[in-house]
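Chemist: My structure is stored as input_13.txt, with compact mmCIF, C-alpha atoms.
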```txt
# COMPACT_ATOMS: atom_id res chain seq x y z
CA ASN A 22 0.00 0.00 0.00
CA ILE A 23 1.96 3.00 -1.31
CA MET A 24 0.52 6.50 -1.20
CA GLU A 25 1.98 9.76 -2.39
CA CYS A 26 2.67 12.23 0.41
CA SER A 27 -0.32 14.53 -0.14
CA SER A 28 -3.74 15.46 1.15
CA GLN A 29 -4.73 11.82 0.49
CA MET A 30 -2.22 10.69 3.11
CA LEU A 31 -3.36 13.30 5.64
CA GLU A 32 -7.01 12.27 5.18
CA SER A 33 -6.01 8.62 5.66
CA LEU A 34 -4.13 9.47 8.85
CA GLN A 35 -7.06 11.48 10.19
CA PHE A 36 -9.39 8.55 9.43
CA LYS A 37 -7.11 6.16 11.30
CA MET A 38 -6.95 8.55 14.25
CA GLY A 39 -10.71 8.43 14.64
CA ALA A 40 -11.26 4.83 13.65
CA VAL A 41 -8.44 3.02 15.46
CA TRP A 42 -8.00 4.76 18.80
CA ARG A 43 -7.80 8.15 20.44
CA PRO A 44 -4.27 9.29 21.40
CA GLU A 45 -5.31 10.33 24.91
CA ASN A 46 -6.39 6.73 25.62
CA LEU A 47 -3.08 5.17 24.55
CA PRO A 48 -0.67 4.57 27.44
CA HIS A 49 2.98 5.35 26.74
CA SER A 50 4.08 1.80 27.46
CA GLN A 51 7.43 0.17 26.80
CA LEU A 52 7.99 -2.49 24.17
CA PRO A 53 10.39 -4.96 25.83
CA LEU A 54 13.26 -6.26 23.70
CA CYS A 55 14.93 -8.25 26.47
CA GLU A 56 15.17 -8.15 30.27
CA GLU A 57 17.57 -5.21 30.22
CA VAL A 58 16.09 -2.85 27.64
CA GLY A 59 13.00 -1.85 25.65
CA LEU A 60 11.62 0.88 23.41
CA LYS A 61 9.13 3.39 24.80
CA HIS A 62 5.99 4.33 22.94
CA GLY A 63 5.46 8.07 22.65
CA ARG A 64 9.18 8.49 21.90
CA ILE A 65 11.45 8.53 18.87
CA HIS A 66 14.37 6.12 18.51
CA GLU A 67 17.19 6.33 15.97
CA VAL A 68 18.70 3.37 14.12
CA GLN A 69 21.92 3.19 12.08
CA GLY A 70 23.90 0.44 10.36
CA LEU A 71 23.64 -2.08 7.55
CA SER A 72 20.91 -4.04 9.36
CA SER A 73 18.66 -1.11 10.25
CA ASP A 74 15.82 -2.46 8.13
CA GLY A 75 15.95 -5.81 9.97
CA PHE A 76 15.74 -3.95 13.28
CA ALA A 77 12.71 -2.00 12.07
CA PHE A 78 10.98 -5.12 10.69
CA SER A 79 11.54 -6.91 14.02
CA ILE A 80 10.11 -3.99 16.01
CA ILE A 81 7.03 -3.73 13.79
CA ALA A 82 6.49 -7.50 14.16
CA LYS A 83 6.83 -7.38 17.94
CA ALA A 84 4.74 -4.22 18.42
CA GLY A 85 1.77 -5.51 16.42
CA GLY A 86 -0.84 -3.24 14.87
CA ASP A 87 -0.46 -1.10 11.76
CA ALA A 88 2.76 0.62 10.74
CA VAL A 89 3.79 3.27 8.22
CA TRP A 90 7.17 3.55 6.46
CA ILE A 91 8.01 7.05 5.21
CA GLY A 92 10.78 7.93 2.77
CA LYS A 93 11.80 9.04 -0.69
CA ARG A 94 11.15 6.98 -3.82
CA ASP A 95 14.39 4.95 -3.70
CA VAL A 96 13.67 3.98 -0.08
CA ILE A 97 10.06 2.96 -0.61
CA TYR A 98 10.67 0.95 -3.77
CA SER A 99 13.54 -0.94 -2.12
CA LEU A 100 11.15 -2.52 0.40
CA SER A 101 10.47 -6.12 -0.62
CA PRO A 102 7.12 -7.71 0.31
CA LEU A 103 8.85 -11.11 0.31
CA ALA A 104 11.40 -9.90 2.89
CA ILE A 105 8.70 -8.22 4.96
CA ARG A 106 6.62 -11.42 4.99
CA ARG A 107 9.38 -13.12 6.99
CA TYR A 108 8.46 -10.83 9.88
CA PHE A 109 4.80 -9.80 9.52
CA SER A 110 1.99 -9.53 6.98
CA PRO A 111 2.73 -6.78 4.41
CA SER A 112 -0.93 -5.77 4.69
CA ARG A 113 -0.06 -4.15 8.02
CA LEU A 114 2.37 -1.72 6.38
CA THR A 115 1.49 1.54 4.66
CA CYS A 116 4.28 3.17 2.64
CA ALA A 117 4.34 6.96 2.21
CA LEU A 118 6.41 8.13 -0.77
CA CYS A 119 7.80 11.63 -0.28
CA LEU A 120 9.64 13.94 -2.69
CA ASN A 121 12.24 15.37 -0.31
CA ARG A 122 13.46 15.60 3.29
CA LYS A 123 11.06 18.39 4.27
CA GLU A 124 8.06 16.42 3.04
CA SER A 125 9.31 13.26 4.79
CA LEU A 126 9.63 15.08 8.12
CA TRP A 127 6.16 16.58 7.71
CA ALA A 128 4.63 13.20 6.91
CA ALA A 129 6.31 11.57 9.93
CA GLU A 130 5.10 14.35 12.21
CA GLN A 131 1.51 13.89 10.99
CA ALA A 132 1.69 10.11 11.35
CA LEU A 133 3.12 10.27 14.86
CA ARG A 134 0.60 12.86 16.01
CA SER A 135 -2.39 10.99 14.54
CA GLY A 136 -2.08 7.99 16.86
CA GLY A 137 -3.29 5.82 13.97
CA PHE A 138 -0.16 3.68 13.75
CA GLU A 139 1.51 1.50 16.35
CA THR A 140 4.90 2.12 14.71
CA VAL A 141 6.04 5.00 12.49
CA VAL A 142 9.27 4.48 10.52
CA LEU A 143 10.99 7.48 8.94
CA GLN A 144 14.03 6.83 6.74
CA LEU A 145 16.43 9.72 6.11
CA ARG A 146 19.85 10.12 4.53
CA ASN A 147 21.06 12.20 7.51
CA GLY A 148 19.44 12.19 10.93
CA PRO A 149 17.18 14.94 12.24
CA ASN A 150 18.78 17.92 13.94
CA LEU A 151 17.73 19.06 17.40
CA GLU A 152 14.84 21.24 16.22
CA GLU A 153 13.50 18.60 13.80
CA SER A 154 13.77 15.83 16.38
CA ARG A 155 11.99 17.90 19.04
CA ARG A 156 9.04 18.38 16.69
CA LEU A 157 8.93 14.65 16.02
CA GLN A 158 9.24 13.91 19.74
CA LEU A 159 6.32 16.21 20.61
CA ALA A 160 4.22 14.56 17.91
CA ALA A 161 5.08 11.10 19.27
CA GLU A 162 4.12 12.14 22.78
CA THR A 163 0.77 13.41 21.50
CA GLY A 164 -0.11 10.31 19.48
CA GLY A 165 1.58 7.67 21.62
CA SER A 166 3.13 5.83 18.66
CA LEU A 167 6.60 4.31 18.64
CA GLY A 168 8.80 6.32 16.27
CA LEU A 169 11.80 4.77 14.49
CA ILE A 170 14.16 6.93 12.46
CA ILE A 171 16.47 4.99 10.15
CA ILE A 172 19.59 7.04 9.36
CA ASP A 173 21.44 5.96 6.23
CA GLN A 174 24.51 8.14 6.77
CA ASN A 175 25.19 10.60 9.62
CA ALA A 176 23.36 11.13 12.92
CA GLN A 177 23.14 14.58 14.49
CA SER A 178 22.61 15.83 18.02
CA SER A 179 18.94 15.09 18.58
CA ALA A 180 16.15 14.58 21.10
CA CYS A 181 15.87 10.83 20.45
CA GLN A 182 15.21 8.54 23.40
CA THR A 183 17.60 5.85 22.19
CA ARG A 184 20.06 5.33 19.33
CA TRP A 185 20.99 1.90 17.98
CA GLN A 186 23.79 0.62 15.76
CA CYS A 187 22.66 -2.51 13.90
CA ASP A 188 25.13 -4.61 11.92
CA PRO A 189 25.15 -8.13 10.44
CA ILE A 190 27.34 -10.86 11.92
CA ALA A 191 28.30 -14.26 10.55
CA SER A 192 27.16 -17.60 11.99
CA ASN A 193 27.53 -21.26 11.01
CA ASP A 194 24.68 -22.42 13.26
CA SER A 195 22.24 -24.42 11.11
CA GLU A 196 19.40 -23.80 13.59
CA LEU A 197 19.49 -20.06 12.95
CA LEU A 198 18.19 -18.03 10.06
CA SER A 199 20.48 -15.59 8.28
CA PRO A 200 21.05 -12.73 8.66
CA LEU A 201 22.00 -12.47 12.31
CA TRP A 202 22.75 -9.15 13.90
CA ARG A 203 24.67 -7.22 16.51
CA TRP A 204 22.44 -4.54 18.06
CA THR A 205 24.40 -1.95 20.04
CA LEU A 206 22.64 0.68 22.16
CA THR A 207 24.85 3.78 21.89
CA LYS A 208 22.46 6.32 23.46
CA ASN A 209 19.82 5.83 26.13
CA LYS A 210 18.18 8.65 28.09
CA GLU A 211 16.83 6.24 30.69
CA GLY A 212 18.89 3.18 31.47
CA GLN A 213 22.01 1.33 30.49
CA LEU A 214 23.92 1.02 27.24
CA GLY A 215 24.92 -2.36 25.88
CA SER A 216 25.46 -4.69 22.97
CA TRP A 217 23.48 -7.81 22.10
CA ARG A 218 23.81 -10.65 19.63
CA VAL A 219 20.40 -11.09 18.03
CA LEU A 220 19.25 -14.57 17.05
CA ARG A 221 16.27 -15.71 15.03
CA ARG A 222 15.47 -19.42 15.02
CA LYS A 223 13.85 -21.39 12.22
CA ASP A 224 10.65 -22.03 14.15
CA ASP A 225 10.22 -18.26 14.61
CA HIS A 226 10.34 -17.59 10.88
CA ALA A 227 6.69 -16.64 10.53
CA THR A 228 6.54 -14.32 13.55
CA GLY A 229 9.72 -12.27 13.21
CA HIS A 230 10.53 -13.12 16.83
CA VAL A 231 14.13 -12.55 17.85
CA VAL A 232 16.21 -13.41 20.90
CA MET A 233 18.77 -10.92 22.26
CA VAL A 234 21.85 -12.42 23.94
CA SER A 235 24.33 -10.11 25.67
```
Translate this structure into structure tokens?
Modeler:
Amino acid sequence: NIMECSSQMLESLQFKMGAVWRPENLPHSQLPLCEEVGLKHGRIHEVQGLSSDGFAFSIIAKAGGDAVWIGKRDVIYSLSPLAIRRYFSPSRLTCALCLNRKESLWAAEQALRSGGFETVVLQLRNGPNLEESRRLQLAAETGGSLGLIIIDQNAQSSACQTRWQCDPIASNDSELLSPLWRWTLTKNKEGQLGSWRVLRRKDDHATGHVVMVS
């Protein structure tokens, strides 16, 4: 489901806001990743590294509900339904195709504020600056959604709750599906930092479930 970033998208977001839930009724809960760490709803979290898309797919799968992925044309058309199906049903994902950075930031702000999506993914070449990230953070607090910002190149000083570095690692274990990852928490406003080896077993193929091992 790909929509151009336009009034059509805004109307869809407003419909979801009224039809799915009201933001004031959504608790800002935490999505647990393991015993030591989780991702808070109503906050934005930044992700970097070659396996950022796998991180985002895993979070969408674990969070449940509908999600939106926002980015420019090359980003949106690189998303493979076959790859997504390994984690969750592609029918849960709306893709918003934007012309430029300004439009992408606007679309993410609207999606976060609407409360119509469990997870909002924004993919940018360079991360948001402090002013941009504060606007996104305020929108996330209003709507209660979990915001993920995938940064393809450079991160900036921002208001993000956490920042993750996600990279692939090699394994010869026949019981595990490839790729496997190393998720490193490099910024955390509330709690510890750390690094985890992330495993996904064959019997978890359909659910996108992962296991984090420190």
Chemist: With a distance cut-off of 6 Å and all atoms listed in the file, select the neighbouring residues of A:Val219, excluding the residue or stretch itself and same-chain residues fewer than 3 positions from it, and output the selection as a VMD selection string.
Modeler: chain A and resid 202 to 203 232 to 233
Chemist: Mind running stretch 51-117 of chain A against stretch 125-134 of chain A at 10 Å and telling me each contacting residue's nearest atom pair with the distance in Å (one decimal), counting all atoms listed in the file, chain and number ascending, as a Markdown table?
Modeler:
```
| residue | atom | partner | partner_atom | distance |
| --- | --- | --- | --- | --- |
| A:Gly63 | CA | A:Leu133 | CA | 8.4 |
| A:Arg64 | CA | A:Leu133 | CA | 9.5 |
| A:Ile65 | CA | A:Leu133 | CA | 9.4 |
| A:Ala88 | CA | A:Ala132 | CA | 9.6 |
| A:Val89 | CA | A:Ala132 | CA | 7.8 |
| A:Trp90 | CA | A:Ala129 | CA | 8.8 |
| A:Ile91 | CA | A:Ser125 | CA | 6.4 |
| A:Gly92 | CA | A:Ser125 | CA | 5.9 |
| A:Lys93 | CA | A:Ser125 | CA | 7.4 |
| A:Ala117 | CA | A:Ala128 | CA | 7.8 |
```
Chemist: Near A:Leu100, within 12 Å and counting all atoms listed in the file, which residues show up once chain neighbours fewer than 6 positions away are dropped, as a ChimeraX atom specification?
Modeler: /A:22-23,74-75,77-78,90-94,106,111,114-118,144
Chemist: To one decimal place, how far is atom CA of A:Gln158 from atom CA of A:Ser216 in Å?
Modeler: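 A separation of 24.9 Å between them.
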Chemist: Which residues are close to A:Ile172, i.e. within 7 Å by only C-alpha atoms, leaving aside same-chain residues fewer than 6 positions away? Reply as JSON, numbers by chain.
Modeler: {"A": [68, 69, 144, 145, 146, 147, 148]}
Chemist: Check the smallest atom-to-atom distance from each of A:Leu167, A:Leu201, A:Ala191, A:Ala84 to A:His66 using all atoms listed in the file, then report the winner.
Modeler: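 Comparing A:Leu167, A:Leu201, A:Ala191, A:Ala84 against A:His66, the winner is A:Leu167.
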Chemist: Taking all atoms listed in the file into account, which of A:Val58, A:Lys83, A:Ser135, A:Pro53 comes nearest A:Gly215?
Modeler: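 Of A:Val58, A:Lys83, A:Ser135, A:Pro53, the one nearest A:Gly215, counting all atoms listed in the file, is A:Val58.
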Chemist: What's the separation between atom CA of A:Pro102 and atom CA of A:Thr183, in Å to one decimal place?
Modeler: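 We find that atom CA of A:Pro102 and atom CA of A:Thr183 lie 27.8 Å from each other.
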Chemist: Take atom CA of A:Trp217 and atom CA of A:Cys181 and report the distance between them in Å, one decimal.
Modeler: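 Distance between the two atoms: 20.2 Å.
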Chemist: Could you check the closest approach to A:Ala104 for each of A:Gln177, A:Gln186, A:Asn121, A:Ser79 and tell me which residue wins, using all atoms listed in the file?
Modeler: A:Ser79
Chemist: Pick out the closest residue to A:Ile81 from this set: A:Leu206, A:Leu169, A:Leu151, A:Leu159. Count all atoms listed in the file.
Modeler: A:Leu169
Chemist: Contacts of A:Ser178 at 12 Å or less, counting only C-alpha atoms, minus same-chain residues fewer than 4 places along, as a JSON list (two decimals) with C-alpha atoms, keeping the file's coordinate frame?
Modeler:
```json
[["chain", "number", "residue", "atom", "x", "y", "z"],
["A", 67, "GLU", "CA", 17.19, 6.33, 15.97],
["A", 147, "ASN", "CA", 21.06, 12.20, 7.51],
["A", 148, "GLY", "CA", 19.44, 12.19, 10.93],
["A", 149, "PRO", "CA", 17.18, 14.94, 12.24],
["A", 150, "ASN", "CA", 18.78, 17.92, 13.94],
["A", 151, "LEU", "CA", 17.73, 19.06, 17.40],
["A", 152, "GLU", "CA", 14.84, 21.24, 16.22],
["A", 153, "GLU", "CA", 13.50, 18.60, 13.80],
["A", 154, "SER", "CA", 13.77, 15.83, 16.38],
["A", 155, "ARG", "CA", 11.99, 17.90, 19.04],
["A", 182, "GLN", "CA", 15.21, 8.54, 23.40],
["A", 183, "THR", "CA", 17.60, 5.85, 22.19],
["A", 184, "ARG", "CA", 20.06, 5.33, 19.33],
["A", 208, "LYS", "CA", 22.46, 6.32, 23.46]]
```
